[in-house]
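Dropping input-v6.txt in here (compact mmCIF, all heavy atoms):
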# COMPACT_ATOMS: atom_id res chain seq x y z
N MET A 27 0.86 -1.19 0.00
CA MET A 27 0.00 0.00 0.00
C MET A 27 0.89 1.23 0.00
O MET A 27 1.81 1.34 0.77
CB MET A 27 -0.89 -0.02 1.23
CG MET A 27 -1.69 1.24 1.44
SD MET A 27 -3.25 1.38 0.57
CE MET A 27 -4.20 0.06 1.23
N LEU A 28 0.58 2.13 -0.91
CA LEU A 28 1.29 3.40 -1.03
C LEU A 28 0.34 4.49 -0.59
O LEU A 28 -0.81 4.52 -1.02
CB LEU A 28 1.71 3.60 -2.49
CG LEU A 28 2.35 4.92 -2.88
CD1 LEU A 28 3.69 5.09 -2.17
CD2 LEU A 28 2.55 4.97 -4.39
N GLU A 29 0.79 5.37 0.28
CA GLU A 29 -0.03 6.51 0.70
C GLU A 29 0.71 7.79 0.40
O GLU A 29 1.88 7.93 0.77
CB GLU A 29 -0.39 6.43 2.18
CG GLU A 29 -1.34 7.54 2.58
CD GLU A 29 -2.02 7.33 3.92
OE1 GLU A 29 -2.08 6.19 4.39
OE2 GLU A 29 -2.50 8.32 4.47
N LEU A 30 0.02 8.71 -0.28
CA LEU A 30 0.61 9.99 -0.65
C LEU A 30 -0.23 11.11 -0.07
O LEU A 30 -1.46 11.02 -0.04
CB LEU A 30 0.66 10.15 -2.17
CG LEU A 30 1.41 9.10 -2.96
CD1 LEU A 30 1.18 9.33 -4.45
CD2 LEU A 30 2.88 9.13 -2.64
N THR A 31 0.43 12.18 0.35
CA THR A 31 -0.25 13.40 0.75
C THR A 31 -0.10 14.38 -0.39
O THR A 31 1.02 14.67 -0.82
CB THR A 31 0.37 13.97 2.05
OG1 THR A 31 0.24 13.00 3.08
CG2 THR A 31 -0.34 15.26 2.47
N LEU A 32 -1.24 14.86 -0.89
CA LEU A 32 -1.24 15.77 -2.05
C LEU A 32 -1.92 17.07 -1.65
O LEU A 32 -3.14 17.21 -1.77
CB LEU A 32 -1.98 15.12 -3.22
CG LEU A 32 -1.47 13.75 -3.67
CD1 LEU A 32 -2.38 13.18 -4.73
CD2 LEU A 32 -0.05 13.86 -4.17
N PRO A 33 -1.15 18.06 -1.18
CA PRO A 33 -1.75 19.33 -0.73
C PRO A 33 -2.59 20.02 -1.79
O PRO A 33 -3.53 20.73 -1.47
CB PRO A 33 -0.53 20.18 -0.35
CG PRO A 33 0.55 19.20 -0.07
CD PRO A 33 0.29 18.03 -0.99
N GLY A 34 -2.30 19.81 -3.07
CA GLY A 34 -3.02 20.47 -4.14
C GLY A 34 -4.32 19.79 -4.53
O GLY A 34 -5.05 20.30 -5.38
N MET A 35 -4.63 18.64 -3.94
CA MET A 35 -5.87 17.92 -4.26
C MET A 35 -6.99 18.48 -3.37
O MET A 35 -7.15 18.07 -2.24
CB MET A 35 -5.69 16.41 -4.02
CG MET A 35 -6.89 15.59 -4.46
SD MET A 35 -6.67 13.81 -4.25
CE MET A 35 -6.73 13.64 -2.47
N THR A 36 -7.74 19.44 -3.93
CA THR A 36 -8.69 20.18 -3.11
C THR A 36 -10.15 19.93 -3.42
O THR A 36 -11.02 20.49 -2.75
CB THR A 36 -8.40 21.69 -3.24
OG1 THR A 36 -8.52 22.05 -4.62
CG2 THR A 36 -7.01 22.04 -2.73
N CYS A 37 -10.44 19.11 -4.45
CA CYS A 37 -11.84 18.90 -4.82
C CYS A 37 -12.01 17.53 -5.47
O CYS A 37 -11.04 16.83 -5.75
CB CYS A 37 -12.32 20.00 -5.76
SG CYS A 37 -11.50 19.97 -7.38
N GLY A 38 -13.25 17.19 -5.75
CA GLY A 38 -13.55 15.92 -6.40
C GLY A 38 -12.94 15.81 -7.78
O GLY A 38 -12.53 14.73 -8.20
N GLY A 39 -12.90 16.92 -8.50
CA GLY A 39 -12.28 16.92 -9.82
C GLY A 39 -10.79 16.59 -9.74
O GLY A 39 -10.27 15.84 -10.56
N CYS A 40 -10.15 17.14 -8.73
CA CYS A 40 -8.73 16.83 -8.50
C CYS A 40 -8.56 15.34 -8.21
O CYS A 40 -7.66 14.70 -8.74
CB CYS A 40 -8.19 17.62 -7.32
SG CYS A 40 -8.19 19.41 -7.50
N ALA A 41 -9.43 14.82 -7.36
CA ALA A 41 -9.36 13.41 -6.99
C ALA A 41 -9.54 12.52 -8.22
O ALA A 41 -8.83 11.52 -8.39
CB ALA A 41 -10.41 13.09 -5.93
N ARG A 42 -10.45 12.89 -9.11
CA ARG A 42 -10.65 12.11 -10.34
C ARG A 42 -9.41 12.18 -11.23
O ARG A 42 -9.03 11.18 -11.85
CB ARG A 42 -11.90 12.60 -11.09
CG ARG A 42 -13.20 12.15 -10.42
CD ARG A 42 -14.42 12.46 -11.27
NE ARG A 42 -14.64 13.89 -11.46
CZ ARG A 42 -15.23 14.69 -10.57
NH1 ARG A 42 -15.68 14.19 -9.42
NH2 ARG A 42 -15.41 15.97 -10.83
N GLY A 43 -8.79 13.34 -11.31
CA GLY A 43 -7.58 13.49 -12.10
C GLY A 43 -6.43 12.65 -11.56
O GLY A 43 -5.69 12.02 -12.32
N VAL A 44 -6.28 12.64 -10.25
CA VAL A 44 -5.25 11.84 -9.61
C VAL A 44 -5.51 10.36 -9.86
O VAL A 44 -4.61 9.60 -10.21
CB VAL A 44 -5.17 12.15 -8.10
CG1 VAL A 44 -4.32 11.13 -7.36
CG2 VAL A 44 -4.64 13.56 -7.87
N THR A 45 -6.76 9.95 -9.70
CA THR A 45 -7.13 8.55 -9.93
C THR A 45 -6.83 8.14 -11.37
O THR A 45 -6.26 7.07 -11.61
CB THR A 45 -8.61 8.32 -9.59
OG1 THR A 45 -8.82 8.63 -8.21
CG2 THR A 45 -9.02 6.88 -9.85
N ALA A 46 -7.19 8.98 -12.32
CA ALA A 46 -6.94 8.68 -13.72
C ALA A 46 -5.44 8.57 -14.00
O ALA A 46 -5.00 7.68 -14.75
CB ALA A 46 -7.56 9.75 -14.61
N ALA A 47 -4.65 9.44 -13.40
CA ALA A 47 -3.20 9.40 -13.59
C ALA A 47 -2.62 8.08 -13.06
O ALA A 47 -1.79 7.45 -13.72
CB ALA A 47 -2.54 10.59 -12.89
N ILE A 48 -3.09 7.66 -11.90
CA ILE A 48 -2.60 6.41 -11.31
C ILE A 48 -3.03 5.23 -12.17
O ILE A 48 -2.23 4.34 -12.46
CB ILE A 48 -3.11 6.28 -9.86
CG1 ILE A 48 -2.44 7.34 -8.99
CG2 ILE A 48 -2.85 4.87 -9.33
CD1 ILE A 48 -3.06 7.52 -7.62
N LYS A 49 -4.27 5.24 -12.62
CA LYS A 49 -4.77 4.13 -13.43
C LYS A 49 -4.14 4.09 -14.82
O LYS A 49 -4.15 3.05 -15.47
CB LYS A 49 -6.29 4.15 -13.49
CG LYS A 49 -6.90 3.78 -12.14
CD LYS A 49 -8.32 3.34 -12.28
CE LYS A 49 -8.86 2.85 -10.97
NZ LYS A 49 -8.77 1.40 -10.85
N SER A 50 -3.54 5.19 -15.25
CA SER A 50 -2.82 5.15 -16.53
C SER A 50 -1.55 4.33 -16.40
O SER A 50 -1.05 3.79 -17.39
CB SER A 50 -2.49 6.58 -17.00
OG SER A 50 -1.43 7.14 -16.25
N VAL A 51 -1.02 4.22 -15.19
CA VAL A 51 0.17 3.41 -14.93
C VAL A 51 -0.24 1.97 -14.63
O VAL A 51 0.38 1.03 -15.11
CB VAL A 51 0.98 3.99 -13.74
CG1 VAL A 51 2.13 3.07 -13.36
CG2 VAL A 51 1.48 5.38 -14.07
N ASP A 52 -1.28 1.80 -13.81
CA ASP A 52 -1.76 0.47 -13.42
C ASP A 52 -3.28 0.47 -13.44
O ASP A 52 -3.91 0.89 -12.47
CB ASP A 52 -1.23 0.10 -12.03
CG ASP A 52 -1.73 -1.26 -11.55
OD1 ASP A 52 -2.39 -1.98 -12.34
OD2 ASP A 52 -1.46 -1.60 -10.39
N PRO A 53 -3.88 0.02 -14.54
CA PRO A 53 -5.35 0.02 -14.64
C PRO A 53 -6.04 -0.81 -13.56
O PRO A 53 -7.19 -0.56 -13.24
CB PRO A 53 -5.61 -0.58 -16.03
CG PRO A 53 -4.36 -0.35 -16.79
CD PRO A 53 -3.24 -0.42 -15.78
N ALA A 54 -5.33 -1.74 -12.96
CA ALA A 54 -5.92 -2.60 -11.92
C ALA A 54 -5.72 -2.03 -10.52
O ALA A 54 -6.16 -2.64 -9.54
CB ALA A 54 -5.32 -4.00 -12.00
N ALA A 55 -5.09 -0.87 -10.40
CA ALA A 55 -4.82 -0.29 -9.08
C ALA A 55 -6.13 0.02 -8.35
O ALA A 55 -7.11 0.42 -8.97
CB ALA A 55 -4.00 0.98 -9.22
N GLU A 56 -6.10 -0.17 -7.04
CA GLU A 56 -7.21 0.26 -6.19
C GLU A 56 -6.81 1.60 -5.59
O GLU A 56 -5.80 1.69 -4.90
CB GLU A 56 -7.49 -0.77 -5.11
CG GLU A 56 -8.04 -2.07 -5.65
CD GLU A 56 -8.41 -3.05 -4.56
OE1 GLU A 56 -8.85 -2.61 -3.47
OE2 GLU A 56 -8.25 -4.25 -4.80
N VAL A 57 -7.61 2.62 -5.87
CA VAL A 57 -7.27 3.98 -5.46
C VAL A 57 -8.36 4.50 -4.54
O VAL A 57 -9.54 4.47 -4.88
CB VAL A 57 -7.15 4.92 -6.69
CG1 VAL A 57 -6.76 6.32 -6.26
CG2 VAL A 57 -6.15 4.35 -7.70
N VAL A 58 -7.95 4.99 -3.36
CA VAL A 58 -8.89 5.58 -2.41
C VAL A 58 -8.41 7.00 -2.12
O VAL A 58 -7.33 7.19 -1.56
CB VAL A 58 -8.97 4.77 -1.10
CG1 VAL A 58 -9.91 5.44 -0.11
CG2 VAL A 58 -9.40 3.34 -1.39
N THR A 59 -9.21 7.98 -2.54
CA THR A 59 -8.85 9.38 -2.28
C THR A 59 -9.64 9.90 -1.09
O THR A 59 -10.78 9.51 -0.87
CB THR A 59 -9.13 10.26 -3.51
OG1 THR A 59 -10.50 10.15 -3.86
CG2 THR A 59 -8.26 9.87 -4.69
N ASP A 60 -9.00 10.77 -0.33
CA ASP A 60 -9.65 11.45 0.80
C ASP A 60 -9.37 12.93 0.62
O ASP A 60 -8.30 13.42 1.01
CB ASP A 60 -9.07 10.91 2.11
CG ASP A 60 -9.75 11.51 3.34
OD1 ASP A 60 -10.40 12.58 3.23
OD2 ASP A 60 -9.61 10.92 4.43
N VAL A 61 -10.31 13.62 -0.04
CA VAL A 61 -10.09 15.03 -0.37
C VAL A 61 -9.91 15.90 0.88
O VAL A 61 -8.97 16.69 0.93
CB VAL A 61 -11.21 15.57 -1.29
CG1 VAL A 61 -11.05 17.06 -1.52
CG2 VAL A 61 -11.20 14.82 -2.62
N PRO A 62 -10.77 15.78 1.92
CA PRO A 62 -10.56 16.63 3.09
C PRO A 62 -9.18 16.45 3.74
O PRO A 62 -8.56 17.41 4.19
CB PRO A 62 -11.67 16.21 4.05
CG PRO A 62 -12.75 15.66 3.15
CD PRO A 62 -12.00 14.99 2.03
N ALA A 63 -8.67 15.21 3.75
CA ALA A 63 -7.35 14.95 4.32
C ALA A 63 -6.24 15.16 3.29
O ALA A 63 -5.05 15.16 3.65
CB ALA A 63 -7.28 13.52 4.85
N ARG A 64 -6.64 15.31 2.01
CA ARG A 64 -5.70 15.50 0.90
C ARG A 64 -4.71 14.34 0.81
O ARG A 64 -3.51 14.54 0.62
CB ARG A 64 -4.99 16.84 1.01
CG ARG A 64 -6.02 17.96 0.89
CD ARG A 64 -5.42 19.31 0.81
NE ARG A 64 -6.50 20.27 0.67
CZ ARG A 64 -6.36 21.55 0.80
NH1 ARG A 64 -5.18 22.06 1.04
NH2 ARG A 64 -7.39 22.36 0.66
N THR A 65 -5.24 13.13 0.93
CA THR A 65 -4.42 11.94 0.81
C THR A 65 -5.00 11.00 -0.23
O THR A 65 -6.19 11.06 -0.55
CB THR A 65 -4.31 11.17 2.15
OG1 THR A 65 -5.61 10.76 2.56
CG2 THR A 65 -3.65 12.00 3.23
N VAL A 66 -4.14 10.14 -0.74
CA VAL A 66 -4.56 9.08 -1.65
C VAL A 66 -3.82 7.81 -1.23
O VAL A 66 -2.63 7.84 -0.95
CB VAL A 66 -4.31 9.45 -3.13
CG1 VAL A 66 -2.84 9.68 -3.42
CG2 VAL A 66 -4.85 8.38 -4.05
N ARG A 67 -4.58 6.72 -1.14
CA ARG A 67 -4.01 5.41 -0.84
C ARG A 67 -4.14 4.56 -2.09
O ARG A 67 -5.21 4.52 -2.71
CB ARG A 67 -4.72 4.75 0.34
CG ARG A 67 -4.41 5.43 1.65
CD ARG A 67 -4.90 4.63 2.85
NE ARG A 67 -6.28 4.16 2.73
CZ ARG A 67 -7.36 4.84 3.10
NH1 ARG A 67 -7.24 6.04 3.61
NH2 ARG A 67 -8.55 4.32 2.97
N VAL A 68 -3.06 3.88 -2.44
CA VAL A 68 -3.03 3.11 -3.68
C VAL A 68 -2.54 1.69 -3.39
O VAL A 68 -1.46 1.51 -2.81
CB VAL A 68 -2.07 3.76 -4.71
CG1 VAL A 68 -2.15 3.02 -6.04
CG2 VAL A 68 -2.38 5.24 -4.89
N GLU A 69 -3.33 0.73 -3.80
CA GLU A 69 -2.91 -0.68 -3.78
C GLU A 69 -2.57 -1.01 -5.23
O GLU A 69 -3.45 -1.02 -6.09
CB GLU A 69 -4.05 -1.55 -3.26
CG GLU A 69 -3.65 -2.99 -3.03
CD GLU A 69 -2.69 -3.17 -1.87
OE1 GLU A 69 -2.90 -2.57 -0.80
OE2 GLU A 69 -1.72 -3.92 -2.05
N THR A 70 -1.29 -1.25 -5.48
CA THR A 70 -0.83 -1.43 -6.86
C THR A 70 0.36 -2.37 -6.92
O THR A 70 1.10 -2.50 -5.94
CB THR A 70 -0.46 -0.07 -7.48
OG1 THR A 70 -0.04 -0.27 -8.82
CG2 THR A 70 0.64 0.64 -6.71
N SER A 71 0.53 -2.97 -8.07
CA SER A 71 1.72 -3.78 -8.30
C SER A 71 2.79 -2.96 -9.03
O SER A 71 3.89 -3.43 -9.26
CB SER A 71 1.36 -5.02 -9.12
OG SER A 71 0.81 -4.64 -10.37
N ALA A 72 2.45 -1.73 -9.39
CA ALA A 72 3.39 -0.86 -10.10
C ALA A 72 4.43 -0.29 -9.13
O ALA A 72 4.21 -0.21 -7.92
CB ALA A 72 2.64 0.28 -10.77
N ASN A 73 5.51 0.14 -9.69
CA ASN A 73 6.59 0.77 -8.94
C ASN A 73 6.09 2.08 -8.32
O ASN A 73 5.43 2.88 -9.00
CB ASN A 73 7.75 1.02 -9.92
CG ASN A 73 8.92 1.70 -9.28
OD1 ASN A 73 8.82 2.84 -8.83
ND2 ASN A 73 10.04 1.01 -9.26
N ALA A 74 6.42 2.31 -7.05
CA ALA A 74 5.97 3.53 -6.36
C ALA A 74 6.46 4.79 -7.08
O ALA A 74 5.72 5.78 -7.17
CB ALA A 74 6.46 3.52 -4.92
N GLU A 75 7.66 4.75 -7.61
CA GLU A 75 8.19 5.93 -8.31
C GLU A 75 7.40 6.22 -9.58
O GLU A 75 7.19 7.37 -9.94
CB GLU A 75 9.68 5.75 -8.61
CG GLU A 75 10.55 5.73 -7.36
CD GLU A 75 10.33 6.92 -6.44
OE1 GLU A 75 10.29 8.07 -6.94
OE2 GLU A 75 10.19 6.72 -5.23
N ALA A 76 6.93 5.17 -10.25
CA ALA A 76 6.11 5.36 -11.46
C ALA A 76 4.78 6.01 -11.11
O ALA A 76 4.29 6.88 -11.84
CB ALA A 76 5.89 4.03 -12.17
N ILE A 77 4.20 5.60 -9.99
CA ILE A 77 2.93 6.19 -9.53
C ILE A 77 3.15 7.66 -9.19
O ILE A 77 2.39 8.54 -9.61
CB ILE A 77 2.38 5.42 -8.31
CG1 ILE A 77 2.02 3.98 -8.69
CG2 ILE A 77 1.19 6.16 -7.70
CD1 ILE A 77 0.89 3.82 -9.66
N LYS A 78 4.21 7.94 -8.43
CA LYS A 78 4.50 9.33 -8.05
C LYS A 78 4.76 10.19 -9.28
O LYS A 78 4.33 11.35 -9.34
CB LYS A 78 5.70 9.38 -7.10
CG LYS A 78 5.41 8.81 -5.74
CD LYS A 78 6.66 8.82 -4.88
CE LYS A 78 6.42 8.14 -3.55
NZ LYS A 78 7.65 8.10 -2.74
N ALA A 79 5.45 9.64 -10.27
CA ALA A 79 5.74 10.39 -11.50
C ALA A 79 4.45 10.71 -12.25
O ALA A 79 4.28 11.82 -12.76
CB ALA A 79 6.70 9.61 -12.38
N ALA A 80 3.53 9.75 -12.31
CA ALA A 80 2.25 9.98 -13.00
C ALA A 80 1.44 11.05 -12.29
O ALA A 80 0.83 11.91 -12.93
CB ALA A 80 1.46 8.68 -13.10
N VAL A 81 1.45 11.01 -10.97
CA VAL A 81 0.72 12.01 -10.18
C VAL A 81 1.35 13.40 -10.40
O VAL A 81 0.64 14.39 -10.59
CB VAL A 81 0.71 11.62 -8.69
CG1 VAL A 81 0.21 12.75 -7.81
CG2 VAL A 81 -0.15 10.36 -8.49
N ALA A 82 2.67 13.45 -10.42
CA ALA A 82 3.37 14.72 -10.66
C ALA A 82 3.07 15.25 -12.06
O ALA A 82 2.85 16.46 -12.24
CB ALA A 82 4.87 14.55 -10.46
N GLU A 83 3.03 14.36 -13.04
CA GLU A 83 2.74 14.77 -14.42
C GLU A 83 1.32 15.33 -14.54
O GLU A 83 1.05 16.20 -15.36
CB GLU A 83 2.92 13.58 -15.36
CG GLU A 83 2.90 13.97 -16.82
CD GLU A 83 3.28 12.81 -17.72
OE1 GLU A 83 4.33 12.20 -17.51
OE2 GLU A 83 2.49 12.53 -18.64
N ALA A 84 0.42 14.85 -13.66
CA ALA A 84 -0.96 15.36 -13.64
C ALA A 84 -1.05 16.71 -12.93
O ALA A 84 -2.10 17.33 -12.89
CB ALA A 84 -1.88 14.34 -12.98
N GLY A 85 0.08 17.14 -12.33
CA GLY A 85 0.11 18.47 -11.71
C GLY A 85 0.03 18.49 -10.21
O GLY A 85 -0.19 19.54 -9.61
N TYR A 86 0.23 17.34 -9.57
CA TYR A 86 0.13 17.26 -8.10
C TYR A 86 1.46 16.83 -7.50
O TYR A 86 2.03 15.82 -7.93
CB TYR A 86 -0.98 16.29 -7.70
CG TYR A 86 -2.32 16.72 -8.24
CD1 TYR A 86 -2.78 16.24 -9.46
CD2 TYR A 86 -3.08 17.65 -7.56
CE1 TYR A 86 -3.99 16.67 -9.99
CE2 TYR A 86 -4.28 18.10 -8.09
CZ TYR A 86 -4.73 17.60 -9.30
OH TYR A 86 -5.92 18.03 -9.82
N THR A 87 1.92 17.59 -6.54
CA THR A 87 3.18 17.29 -5.88
C THR A 87 2.90 16.58 -4.57
O THR A 87 2.11 17.06 -3.75
CB THR A 87 3.96 18.58 -5.59
OG1 THR A 87 4.15 19.27 -6.83
CG2 THR A 87 5.31 18.29 -4.97
N ALA A 88 3.52 15.42 -4.39
CA ALA A 88 3.36 14.67 -3.14
C ALA A 88 4.24 15.31 -2.07
O ALA A 88 5.41 15.58 -2.30
CB ALA A 88 3.73 13.21 -3.35
N ALA A 89 3.64 15.55 -0.92
CA ALA A 89 4.40 16.15 0.19
C ALA A 89 5.03 15.06 1.02
O ALA A 89 4.62 13.93 1.02
CB ALA A 89 3.48 17.01 1.05

As structure tokens:
Amino acid sequence: MLELTLPGMTCGGCARGVTAAIKSVDPAAEVVTDVPARTVRVETSANAEAIKAAVAEAGYTAA
């Protein structure tokens, strides 16, 4: 399980964008976003760095 804190994820649209970015790397990933806490939990077989890179490419910096 990978957990990221994304200070820039402030709404449902942001959460959908983050989810789409993660699923572009691993379509089978289980993604749970928590907008009020600005966190995302990912169950994936993909490399953590690849997930972080996809999230960054979508415009979100993990704290």

| said: as a list in words, please: the residues near Pro33 (chain A) (cut-off 4.5 Å, all atoms listed in the file, same-chain neighbours under 5 positions excluded). | reply: Arg64, Thr87 and Ala89 of chain A

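CD1 of Ile48 (chain A) sits 10.7 Å away from CB of Ala74 (chain A).
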
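Comparing A:Ala84, A:Ala54, A:Glu69, A:Ala79 by their smallest distance to Met27 (chain A), the closest is A:Glu69 (using all heavy atoms).
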
| Selected residue of minimal separation from Thr45 (chain A) among A:Ala72, A:Ala63, A:Val81, A:Leu32, counting only C-alpha atoms | A:Val81

| field | Backbone-only DSSP, strand (DSSP E or B) members of chain A, as a PyMOL selection string | value | chain A and resi 28-31+56-60+65-69

I need the chosen residues saved as a compact mmCIF listing (two decimals), in the frame of the given file, with all heavy atoms.
# COMPACT_ATOMS: atom_id res chain seq x y z
N LEU A 28 0.58 2.13 -0.91
CA LEU A 28 1.29 3.40 -1.03
C LEU A 28 0.34 4.49 -0.59
O LEU A 28 -0.81 4.52 -1.02
CB LEU A 28 1.71 3.60 -2.49
CG LEU A 28 2.35 4.92 -2.88
CD1 LEU A 28 3.69 5.09 -2.17
CD2 LEU A 28 2.55 4.97 -4.39
N GLU A 29 0.79 5.37 0.28
CA GLU A 29 -0.03 6.51 0.70
C GLU A 29 0.71 7.79 0.40
O GLU A 29 1.88 7.93 0.77
CB GLU A 29 -0.39 6.43 2.18
CG GLU A 29 -1.34 7.54 2.58
CD GLU A 29 -2.02 7.33 3.92
OE1 GLU A 29 -2.08 6.19 4.39
OE2 GLU A 29 -2.50 8.32 4.47
N LEU A 30 0.02 8.71 -0.28
CA LEU A 30 0.61 9.99 -0.65
C LEU A 30 -0.23 11.11 -0.07
O LEU A 30 -1.46 11.02 -0.04
CB LEU A 30 0.66 10.15 -2.17
CG LEU A 30 1.41 9.10 -2.96
CD1 LEU A 30 1.18 9.33 -4.45
CD2 LEU A 30 2.88 9.13 -2.64
N THR A 31 0.43 12.18 0.35
CA THR A 31 -0.25 13.40 0.75
C THR A 31 -0.10 14.38 -0.39
O THR A 31 1.02 14.67 -0.82
CB THR A 31 0.37 13.97 2.05
OG1 THR A 31 0.24 13.00 3.08
CG2 THR A 31 -0.34 15.26 2.47
N GLU A 56 -6.10 -0.17 -7.04
CA GLU A 56 -7.21 0.26 -6.19
C GLU A 56 -6.81 1.60 -5.59
O GLU A 56 -5.80 1.69 -4.90
CB GLU A 56 -7.49 -0.77 -5.11
CG GLU A 56 -8.04 -2.07 -5.65
CD GLU A 56 -8.41 -3.05 -4.56
OE1 GLU A 56 -8.85 -2.61 -3.47
OE2 GLU A 56 -8.25 -4.25 -4.80
N VAL A 57 -7.61 2.62 -5.87
CA VAL A 57 -7.27 3.98 -5.46
C VAL A 57 -8.36 4.50 -4.54
O VAL A 57 -9.54 4.47 -4.88
CB VAL A 57 -7.15 4.92 -6.69
CG1 VAL A 57 -6.76 6.32 -6.26
CG2 VAL A 57 -6.15 4.35 -7.70
N VAL A 58 -7.95 4.99 -3.36
CA VAL A 58 -8.89 5.58 -2.41
C VAL A 58 -8.41 7.00 -2.12
O VAL A 58 -7.33 7.19 -1.56
CB VAL A 58 -8.97 4.77 -1.10
CG1 VAL A 58 -9.91 5.44 -0.11
CG2 VAL A 58 -9.40 3.34 -1.39
N THR A 59 -9.21 7.98 -2.54
CA THR A 59 -8.85 9.38 -2.28
C THR A 59 -9.64 9.90 -1.09
O THR A 59 -10.78 9.51 -0.87
CB THR A 59 -9.13 10.26 -3.51
OG1 THR A 59 -10.50 10.15 -3.86
CG2 THR A 59 -8.26 9.87 -4.69
N ASP A 60 -9.00 10.77 -0.33
CA ASP A 60 -9.65 11.45 0.80
C ASP A 60 -9.37 12.93 0.62
O ASP A 60 -8.30 13.42 1.01
CB ASP A 60 -9.07 10.91 2.11
CG ASP A 60 -9.75 11.51 3.34
OD1 ASP A 60 -10.40 12.58 3.23
OD2 ASP A 60 -9.61 10.92 4.43
N THR A 65 -5.24 13.13 0.93
CA THR A 65 -4.42 11.94 0.81
C THR A 65 -5.00 11.00 -0.23
O THR A 65 -6.19 11.06 -0.55
CB THR A 65 -4.31 11.17 2.15
OG1 THR A 65 -5.61 10.76 2.56
CG2 THR A 65 -3.65 12.00 3.23
N VAL A 66 -4.14 10.14 -0.74
CA VAL A 66 -4.56 9.08 -1.65
C VAL A 66 -3.82 7.81 -1.23
O VAL A 66 -2.63 7.84 -0.95
CB VAL A 66 -4.31 9.45 -3.13
CG1 VAL A 66 -2.84 9.68 -3.42
CG2 VAL A 66 -4.85 8.38 -4.05
N ARG A 67 -4.58 6.72 -1.14
CA ARG A 67 -4.01 5.41 -0.84
C ARG A 67 -4.14 4.56 -2.09
O ARG A 67 -5.21 4.52 -2.71
CB ARG A 67 -4.72 4.75 0.34
CG ARG A 67 -4.41 5.43 1.65
CD ARG A 67 -4.90 4.63 2.85
NE ARG A 67 -6.28 4.16 2.73
CZ ARG A 67 -7.36 4.84 3.10
NH1 ARG A 67 -7.24 6.04 3.61
NH2 ARG A 67 -8.55 4.32 2.97
N VAL A 68 -3.06 3.88 -2.44
CA VAL A 68 -3.03 3.11 -3.68
C VAL A 68 -2.54 1.69 -3.39
O VAL A 68 -1.46 1.51 -2.81
CB VAL A 68 -2.07 3.76 -4.71
CG1 VAL A 68 -2.15 3.02 -6.04
CG2 VAL A 68 -2.38 5.24 -4.89
N GLU A 69 -3.33 0.73 -3.80
CA GLU A 69 -2.91 -0.68 -3.78
C GLU A 69 -2.57 -1.01 -5.23
O GLU A 69 -3.45 -1.02 -6.09
CB GLU A 69 -4.05 -1.55 -3.26
CG GLU A 69 -3.65 -2.99 -3.03
CD GLU A 69 -2.69 -3.17 -1.87
OE1 GLU A 69 -2.90 -2.57 -0.80
OE2 GLU A 69 -1.72 -3.92 -2.05

| said: Just want the 6 Å neighbourhood of region 38-44 of chain A, counted on all atoms listed in the file, with same-chain residues fewer than 2 positions away dropped. Output as JSON, numbers by chain. | reply: {"A": [32, 34, 35, 36, 46, 47, 48, 49, 57, 59, 61, 66, 81, 84, 86]}

| In Å, with one decimal, what is the gap from CA of Cys37 (chain A) to CA of Ala88 (chain A)? | 15.9 Å

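CA of Asp52 (chain A) to CA of Ala80 (chain A) spans 10.3 Å [interatomic distance, one decimal].
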
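Near Glu29 (chain A), within a cut-off of 5 Å and counting all atoms listed in the file, sit the residues Thr65, Val66, Arg67 and Val68 of chain A, with same-chain residues fewer than 6 positions away left out.
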
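Taking region 32-75 of chain A and asking which residues DSSP calls helix (DSSP H, G or I) on the backbone, you get Gly38, Gly39, Cys40, Ala41, Arg42, Gly43, Val44, Thr45, Ala46, Ala47, Ile48, Lys49, Ser50, Val51, Ala74 and Glu75 of chain A.
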
With all atoms of region 47-51 of chain A from the file as input, state the centre and edge lengths in Å to one decimal of the axis-aligned box that has 5 Å extra on each side, as AutoDock Vina command-line options.
--center_x -3.4 --center_y 5.8 --center_z -12.5 --size_x 21.0 --size_y 19.6 --size_z 19.8
